[in-house]
Every structure is written in structure tokens, then in C-alpha cells.
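File shown: work04.txt. Contents: compact mmCIF, C-alpha atoms and all ligand atoms.
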# COMPACT_ATOMS: atom_id res chain seq x y z
CA MET E 255 -2.44 3.65 47.00
CA SER E 256 -3.36 4.78 43.51
CA ARG E 257 -3.14 2.25 40.68
CA ARG E 258 -0.92 3.05 37.72
CA PRO E 259 -2.87 3.66 34.50
CA ASP E 260 -2.90 0.75 32.05
CA ARG E 261 -0.70 2.07 29.26
CA SER E 262 -1.68 -0.86 27.02
CA LEU E 263 -5.13 0.65 26.47
CA MET E 264 -4.37 3.92 24.71
CA SER E 265 -6.70 6.37 23.08
CA PHE E 266 -6.08 7.03 19.42
CA SER E 267 -4.62 10.45 20.20
CA ALA E 268 -2.09 8.75 22.50
CA VAL E 269 -1.21 6.29 19.73
CA ALA E 270 -0.77 9.19 17.29
CA ARG E 271 1.48 11.02 19.78
CA ALA E 272 3.57 7.87 20.27
CA LEU E 273 3.98 7.59 16.49
CA GLU E 274 4.93 11.27 16.20
CA SER E 275 8.10 10.64 18.20
CA PRO E 276 8.87 6.97 17.59
CA THR E 277 11.56 5.51 19.80
CA LYS E 278 11.40 2.05 18.21
CA SER E 279 13.02 1.00 14.94
CA LEU E 280 10.04 -0.99 13.65
CA ILE E 281 6.28 -0.39 13.90
CA SER E 282 3.96 -3.33 13.27
CA THR E 283 0.22 -3.04 12.85
CA ASP E 284 -2.67 -5.45 12.78
CA LEU E 285 -4.90 -5.01 9.71
CA PHE E 286 -8.54 -6.00 10.25
CA ASP E 287 -10.38 -3.72 12.67
CA THR E 288 -7.18 -1.73 13.12
CA VAL E 289 -6.03 -0.31 9.73
CA LEU E 290 -8.97 -1.81 7.81
CA LEU E 291 -12.31 -1.19 9.53
CA ARG E 292 -15.16 -3.57 8.71
CA ASP E 293 -18.75 -2.38 8.55
CA HIS E 294 -21.59 -4.01 10.53
CA THR E 295 -21.77 -7.12 8.30
CA ILE E 296 -20.61 -10.50 9.53
CA GLU E 297 -18.66 -13.24 7.77
CA SER E 298 -21.69 -15.40 6.92
CA GLU E 299 -23.41 -12.48 5.18
CA ARG E 300 -20.33 -11.60 3.14
CA LEU E 301 -19.74 -15.24 2.19
CA ALA E 302 -23.37 -15.65 1.08
CA ILE E 303 -23.02 -12.65 -1.24
CA ALA E 304 -19.67 -13.91 -2.56
CA CYS E 305 -21.06 -17.40 -3.26
CA LEU E 306 -24.05 -15.92 -5.08
CA ARG E 307 -21.76 -13.80 -7.28
CA ALA E 308 -19.18 -16.56 -7.87
CA ALA E 309 -21.90 -19.14 -8.69
CA ALA E 310 -23.17 -16.91 -11.49
CA GLU E 311 -19.66 -16.66 -12.95
CA ILE E 312 -18.91 -20.40 -12.60
CA ASP E 313 -22.47 -21.30 -13.68
CA ILE E 314 -23.42 -23.58 -10.79
CA ASP E 315 -26.21 -23.71 -8.18
CA PRO E 316 -25.52 -20.93 -5.61
CA THR E 317 -27.11 -22.93 -2.78
CA ALA E 318 -24.78 -25.88 -3.42
CA LEU E 319 -21.77 -23.57 -3.59
CA THR E 320 -22.70 -21.81 -0.33
CA ARG E 321 -23.29 -25.12 1.47
CA LEU E 322 -19.96 -26.56 0.26
CA ARG E 323 -18.09 -23.35 1.11
CA TRP E 324 -19.27 -23.49 4.73
CA SER E 325 -18.62 -27.24 5.00
CA PHE E 326 -15.02 -26.86 3.88
CA HIS E 327 -14.62 -23.77 6.07
CA ASP E 328 -15.51 -25.86 9.14
CA ILE E 329 -13.40 -28.81 7.98
CA ALA E 330 -10.37 -26.56 7.39
CA TYR E 331 -10.51 -25.05 10.88
CA ARG E 332 -11.15 -28.43 12.54
CA ALA E 333 -8.11 -29.81 10.70
CA VAL E 334 -6.02 -26.87 11.91
CA ALA E 335 -7.22 -27.41 15.51
CA MET E 336 -6.35 -31.11 15.39
CA GLU E 337 -3.21 -31.22 13.28
CA ARG E 338 -1.45 -27.86 13.56
CA PRO E 339 -2.95 -25.76 16.37
CA LEU E 340 -0.14 -23.22 16.05
CA GLY E 341 -1.06 -22.52 12.41
CA ASP E 342 -3.97 -21.20 10.36
CA ALA E 343 -6.27 -22.21 7.49
CA ALA E 344 -5.68 -20.85 3.96
CA LEU E 345 -8.52 -19.46 1.83
CA ILE E 346 -7.07 -20.79 -1.42
CA SER E 347 -6.96 -24.34 0.04
CA ILE E 348 -10.63 -24.05 1.04
CA CYS E 349 -11.53 -22.75 -2.45
CA ARG E 350 -9.60 -25.60 -4.14
CA ALA E 351 -11.42 -28.18 -2.00
CA VAL E 352 -14.80 -26.60 -2.89
CA ALA E 353 -13.94 -26.57 -6.62
CA ALA E 354 -12.78 -30.20 -6.52
CA ALA E 355 -15.99 -31.29 -4.76
CA LEU E 356 -17.92 -29.65 -7.61
CA GLY E 357 -15.81 -31.44 -10.22
CA ARG E 358 -14.14 -28.16 -11.19
CA GLY E 359 -10.51 -27.04 -11.12
CA GLU E 360 -8.02 -24.26 -10.43
CA ALA E 361 -9.80 -21.63 -12.54
CA GLU E 362 -13.02 -21.98 -10.53
CA ALA E 363 -11.08 -22.03 -7.22
CA GLN E 364 -9.44 -18.74 -8.19
CA ILE E 365 -12.82 -17.21 -9.17
CA LEU E 366 -14.21 -18.07 -5.73
CA ARG E 367 -11.09 -16.69 -3.95
CA ARG E 368 -11.08 -13.52 -6.02
CA THR E 369 -14.81 -12.96 -5.47
CA GLU E 370 -14.53 -13.39 -1.70
CA VAL E 371 -11.71 -10.84 -1.59
CA ALA E 372 -13.75 -8.42 -3.75
CA ILE E 373 -16.81 -8.71 -1.50
CA ASP E 374 -14.68 -8.19 1.63
CA ILE E 375 -13.22 -5.03 0.06
CA GLU E 376 -16.75 -3.66 -0.42
CA HIS E 377 -17.26 -3.85 3.37
CA LEU E 378 -13.96 -2.29 4.49
CA ARG E 379 -12.88 1.31 4.94
CA PRO E 380 -9.51 2.70 5.93
CA ASN E 381 -8.74 3.91 9.46
CA ARG E 382 -7.49 7.15 7.94
CA PRO E 383 -6.16 8.80 11.14
CA LEU E 384 -4.06 5.69 11.86
CA VAL E 385 -2.82 5.45 8.25
CA ASP E 386 -1.85 9.14 8.39
CA ALA E 387 0.02 8.63 11.69
CA LEU E 388 1.84 5.58 10.28
CA THR E 389 2.71 7.57 7.15
CA ARG E 390 4.26 10.33 9.28
CA ALA E 391 6.30 7.71 11.18
CA ALA E 392 7.47 6.18 7.88
CA THR E 393 8.45 9.63 6.62
CA ALA E 394 10.52 10.00 9.81
CA GLY E 395 12.40 6.84 8.80
CA VAL E 396 10.62 4.09 10.74
CA ARG E 397 9.87 0.85 8.88
CA ILE E 398 6.17 -0.09 8.98
CA ILE E 399 4.94 -3.68 8.64
CA ALA E 400 1.54 -5.42 8.95
CA VAL E 401 1.01 -8.70 10.82
CA SER E 402 -2.36 -10.41 10.38
CA ASP E 403 -4.09 -13.57 11.62
CA THR E 404 -6.07 -14.43 8.51
CA TYR E 405 -6.83 -17.10 5.95
CA TYR E 406 -5.84 -14.63 3.22
CA ALA E 407 -2.40 -14.89 1.62
CA ALA E 408 -0.11 -11.85 1.88
CA ASP E 409 -0.75 -11.14 -1.84
CA ASP E 410 -4.49 -10.89 -1.11
CA LEU E 411 -3.79 -8.58 1.85
CA ARG E 412 -1.59 -6.30 -0.29
CA HIS E 413 -4.37 -6.12 -2.92
CA ILE E 414 -6.95 -5.30 -0.20
CA LEU E 415 -4.66 -2.59 1.24
CA ARG E 416 -4.03 -1.02 -2.19
CA THR E 417 -7.74 -1.01 -3.02
CA VAL E 418 -9.18 0.12 0.33
CA VAL E 419 -6.40 2.42 1.58
CA GLY E 420 -4.61 3.41 -1.63
CA PRO E 421 -0.99 4.52 -1.25
CA ASN E 422 0.16 3.43 2.22
CA PRO E 423 3.38 3.22 4.23
CA ILE E 424 3.26 -0.55 4.91
CA ALA E 425 6.52 -1.98 3.57
CA ALA E 426 5.90 -5.66 4.33
CA VAL E 427 2.83 -7.78 5.03
CA TYR E 428 2.89 -11.05 7.01
CA ALA E 429 -0.10 -13.43 6.91
CA SER E 430 -0.61 -16.34 9.31
CA ALA E 431 -1.94 -18.45 6.42
CA ASP E 432 1.45 -18.13 4.68
CA LEU E 433 3.67 -18.48 7.75
CA GLY E 434 1.85 -21.40 9.36
CA LEU E 435 2.07 -19.47 12.62
CA THR E 436 -0.42 -17.12 14.29
CA LYS E 437 -0.53 -14.14 16.61
CA HIS E 438 -3.14 -15.79 18.83
CA ALA E 439 -0.83 -18.77 19.46
CA GLY E 440 2.15 -16.40 19.64
CA GLY E 441 4.60 -18.00 17.21
CA MET E 442 4.07 -15.38 14.51
CA PHE E 443 5.66 -12.60 16.58
CA VAL E 444 8.85 -14.60 17.08
CA GLU E 445 9.06 -15.52 13.37
CA VAL E 446 8.35 -11.99 12.11
CA ALA E 447 11.07 -10.51 14.38
CA ARG E 448 13.48 -13.14 13.04
CA ARG E 449 12.58 -12.39 9.39
CA GLU E 450 12.86 -8.64 9.95
CA GLY E 451 16.22 -9.15 11.69
CA VAL E 452 15.16 -6.84 14.53
CA ASP E 453 15.50 -7.23 18.29
CA PRO E 454 11.92 -7.90 19.57
CA GLU E 455 12.35 -5.10 22.12
CA GLN E 456 12.74 -2.64 19.20
CA ILE E 457 9.29 -3.44 17.79
CA VAL E 458 6.02 -1.76 18.72
CA HIS E 459 2.81 -3.50 17.63
CA ILE E 460 -0.64 -1.86 17.34
CA GLY E 461 -3.86 -3.89 17.24
CA ASP E 462 -7.45 -4.26 18.38
CA SER E 463 -7.26 -7.71 20.03
CA ALA E 464 -6.42 -7.67 23.74
CA THR E 465 -5.18 -11.26 23.55
CA ALA E 466 -3.57 -11.74 20.11
CA ASP E 467 -2.25 -8.19 19.64
CA VAL E 468 -1.41 -7.30 23.24
CA GLU E 469 -0.87 -10.35 25.49
CA GLN E 470 0.91 -12.47 22.87
CA ALA E 471 2.97 -9.57 21.50
CA ARG E 472 4.19 -8.82 25.01
CA ALA E 473 4.96 -12.49 25.61
CA ALA E 474 7.31 -12.24 22.61
CA ALA E 475 8.96 -9.13 24.16
CA TRP E 476 7.35 -6.70 21.67
CA THR E 477 5.87 -3.44 22.97
CA ALA E 478 2.11 -3.68 22.48
CA VAL E 479 -0.37 -0.85 22.01
CA HIS E 480 -4.04 -1.74 22.32
CA LEU E 481 -6.26 0.16 19.89
CA PRO E 482 -9.76 -1.31 20.28
CA ARG E 483 -12.56 -0.52 17.84
CA ASP E 484 -14.70 2.38 19.00
CA HIS E 485 -17.84 1.74 21.00
CA ALA E 486 -20.09 2.49 18.03
CA GLY E 487 -18.25 -0.11 15.96
CA ARG E 488 -18.65 -2.74 18.67
CA THR E 489 -22.36 -1.94 19.01
CA LYS E 490 -22.84 -2.36 15.25
CA LYS E 491 -21.06 -5.73 15.41
CA LEU E 492 -23.26 -6.92 18.27
CA ILE E 493 -26.32 -6.00 16.21
CA GLY E 494 -24.82 -7.90 13.26
CA LYS E 495 -24.18 -10.97 15.44
CA ALA E 496 -27.73 -10.90 16.81
CA VAL E 497 -29.07 -10.82 13.25
CA ALA E 498 -26.78 -13.76 12.38
CA ILE E 499 -28.02 -16.14 15.10
CA PRO E 500 -30.44 -17.96 12.77
CA VAL E 501 -27.57 -18.48 10.29
CA LYS E 502 -25.39 -19.96 13.05
CA ILE E 503 -28.18 -22.30 14.13
CA ARG E 504 -28.44 -23.51 10.54
CA ARG E 505 -24.67 -24.06 10.45
CA CYS E 506 -24.77 -26.21 13.61
CA ARG E 507 -27.25 -28.71 12.18
MG MG E 601 -7.76 -7.20 14.25

Now that the file is in, can you turn its structure into C-alpha cells?
Amino acid sequence: MSRRPDRSLMSFSAVARALESPTKSLISTDLFDTVLLRDHTIESERLAIACLRAAAEIDIDPTALTRLRWSFHDIAYRAVAMERPLGDAALISICRAVAAALGRGEAEAQILRRTEVAIDIEHLRPNRPLVDALTRAATAGVRIIAVSDTYYAADDLRHILRTVVGPNPIAAVYASADLGLTKHAGGMFVEVARREGVDPEQIVHIGDSATADVEQARAAAWTAVHLPRDHAGRTKKLIGKAVAIPVKIRRCR
């Protein structure tokens, strides 16, 4: 007996075809590694560059800033795991904690947040074929939204989208850091459908994560389309992770 093909794992051309003749009233897309493609760098590298740049602007020791930034990063995610496992950490809260530990205030917290966003932008490029396909769907009258598990606020995500992608068809952006709910725990899909006022079965969601974007979307009765990063992208990331092992060892001490 032949097995039915797994329709959740679609090639990009299949995704584009599905968007050409949309049968759903709402299309949702993940952002990072779906609409916004990261280069081979990893988080620790980008944060090190951001701390170096922010330290110069704030006029403090970059080593102290980097160490504090990582400490509060770990503390924030441990607090989330213990106190609100269905939620997410928020970058601005981490930046405020770092600034307070340095005896500084809101202005310095905002410099750190803004610098981290700027550095991230330098390492992102648009998934132009997907943006074009979403634009065609929007032109055909389908509402397009973005749903992201991230410590960025929706305002940061909109700024990143405008800068990296330029004009785009995404009408609304939902961030787990704002909602206090995530895709990987599942609650975000239920809340976004409620806020959009749309039957979950009328929503199709596109994303690169087999668990957060596919399994959890389906559990919430959304139609999920898996669009994994290409093989070359994954290989680059593996190389990046291998390079980062010494950094991770330092973090564990
Ligand atoms: Mg993603």
C-alpha cells in the first residue's frame, strides 16, 4: 500500500501555487527564517557586536555590558520557564534590567534595544519569492498577518520588516513578547484567531518550524504549511553553531 505524501512539507513552488489560488480568508506567516532569512551568524555573535556598539554610545566597558546582557538573558528565560511557561521574555525588559544594573536608566535601555535591532537587521535578508507570493495573495483580497515567537515587540518587528523587506503586504504583526503567549506552547494561535475574529479553519499558516509552526498550528485547527530553510541555509547554521561552541562553554561557567 502506498503512503500518502506529507502535504505539510511543501516545496516553495507548491506554497506559491497555494497562494496563487487562496481558498482561506486569512494567511499567517512566521517571520524569522521564513519571511526574514538570517545569515550564518548566531545570536551570541550578533549580541557581542551590538554590545560593543552600544557600549561606545553609552560610554561604558563593553566587556561588562556583554557579560550583563547574557546574564539577564539567561535570567529572563529561566523566569519565563518557572513562572509563565506559556509566555515569552521581552527584549526591552532585559535591556532595562541591564541598564539598572549599570546604574543607568531608560535612555540607555533604549540605546541597547535599538542597537540590537539594528545589528539584527544587518544580518537579515528578505525571502523575496515568498514576499512576492504573499503580495499577490493580498492583491487578490486575502488579509496577510505575521505571527512570531520572539522577544521583540511588534513595533520592533514592524521596523525590521520595513527596513529589510521594504513595502510589504503584512497588515498586522503579532509578537509573543507582547501577547504573553507563544506558538511553541500553542496559546498564541488561539489568541490570534480570536483577535482577528476569524474561524481557525479559515487560516493558513506558513513557517519553518515543524513543531511551533506546523504541529501547534494544526492543534489549534489552523491549516499549516511547512516551509523549512533550504539545505544550504541549514548547513551554514551548523557551521555557525560549531564555531560558537567555545562561546557556549564560556556561557555555562
Ligand atoms: Mg521561524

Neighbour list for Ser282 (chain E) as an mmCIF file with C-alpha atoms, in the frame of the given file, cut-off 9 Å, all atoms listed in the file, skip fewer than 2 positions in-chain:
data_model
loop_
_atom_site.group_PDB
_atom_site.id
_atom_site.type_symbol
_atom_site.label_atom_id
_atom_site.label_comp_id
_atom_site.auth_asym_id
_atom_site.auth_seq_id
_atom_site.Cartn_x
_atom_site.Cartn_y
_atom_site.Cartn_z
ATOM 1 C CA LEU E 280 10.040 -0.990 13.650
ATOM 2 C CA ASP E 284 -2.670 -5.450 12.780
ATOM 3 C CA ARG E 397 9.870 0.850 8.880
ATOM 4 C CA ILE E 398 6.170 -0.090 8.980
ATOM 5 C CA ILE E 399 4.940 -3.680 8.640
ATOM 6 C CA ALA E 400 1.540 -5.420 8.950
ATOM 7 C CA VAL E 401 1.010 -8.700 10.820
ATOM 8 C CA ILE E 424 3.260 -0.550 4.910
ATOM 9 C CA ILE E 457 9.290 -3.440 17.790
ATOM 10 C CA VAL E 458 6.020 -1.760 18.720
ATOM 11 C CA HIS E 459 2.810 -3.500 17.630
ATOM 12 C CA ILE E 460 -0.640 -1.860 17.340
ATOM 13 C CA GLY E 461 -3.860 -3.890 17.240
#

**Request:** Please give me, as an MDAnalysis selection string, the residues lying within 10 Å of ligand MG 601 (chain E) when counting only C-alpha atoms and all ligand atoms.
**Result:** chainID E and resid 283:292 401:404 460:464 466:467 481:483

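For the pair CA of Asp409 (chain E) and CA of Asp315 (chain E), the interatomic distance is 29.1 Å.
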
Would you mind listing, for every residue of region 360-389 of chain E within 8 Å of region 295-310 of chain E, the two atoms forming the shortest contact and the distance between them in Å to one decimal, using only C-alpha atoms, sorted by chain and ascending residue number, as a Markdown table?
| residue | atom | partner | partner_atom | distance |
| --- | --- | --- | --- | --- |
| E:Ile365 | CA | E:Ala308 | CA | 6.5 |
| E:Leu366 | CA | E:Ala308 | CA | 5.6 |
| E:Thr369 | CA | E:Ala304 | CA | 5.7 |
| E:Glu370 | CA | E:Ala304 | CA | 5.2 |
| E:Ile373 | CA | E:Ala304 | CA | 6.0 |
| E:Asp374 | CA | E:Arg300 | CA | 6.8 |
| E:His377 | CA | E:Thr295 | CA | 7.4 |

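Our summary of the geometry notes that CA of Val371 (chain E) is positioned 14.6 Å from CA of Ala429 (chain E).
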
**One-decimal distance in Å that lies between CA of Ala431 (chain E) and CA of Ala343 (chain E)** = 5.8 Å

**Request:** Name the residues in contact with Gly434 (chain E) at a cut-off of 10 Å, using all atoms listed in the file, excluding same-chain residues fewer than 5 positions from it; report them as number ranges by chain.
**Result:** E: 334, 338-344, 429, 441-442

Using the file's own x, y and z axes, what box holds all listed atoms of region 384-396 of chain E with 3 Å on each side, keeping edges along x, y and z, and what are its centre and edge lengths in Å to one decimal, as lines of an AutoDock Vina configuration file?
center_x = 4.2
center_y = 7.2
center_z = 9.2
size_x = 22.5
size_y = 12.2
size_z = 11.2

**Asked** From the set E:Ala394, E:His294, E:Phe443, E:Ile348, which residue has the shortest atom-to-atom contact distance to Tyr331 (chain E), counting only C-alpha atoms?
**Response**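 Smallest distance to Tyr331 (chain E) is found for E:Ile348.
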
**Message:** My list of candidates is E:Pro423, E:Ala439, E:Asn381, E:Asp313. Which is closest to Val396 (chain E) when distances are computed with only C-alpha atoms?
**Reply:**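 Ranking E:Pro423, E:Ala439, E:Asn381, E:Asp313 by distance to Val396 (chain E), first place goes to E:Pro423.
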
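If only C-alpha atoms are the atoms counted, then among E:Ala425, E:Ile314, E:Leu345, E:Leu411 the closest residue to Leu388 (chain E) is E:Ala425.
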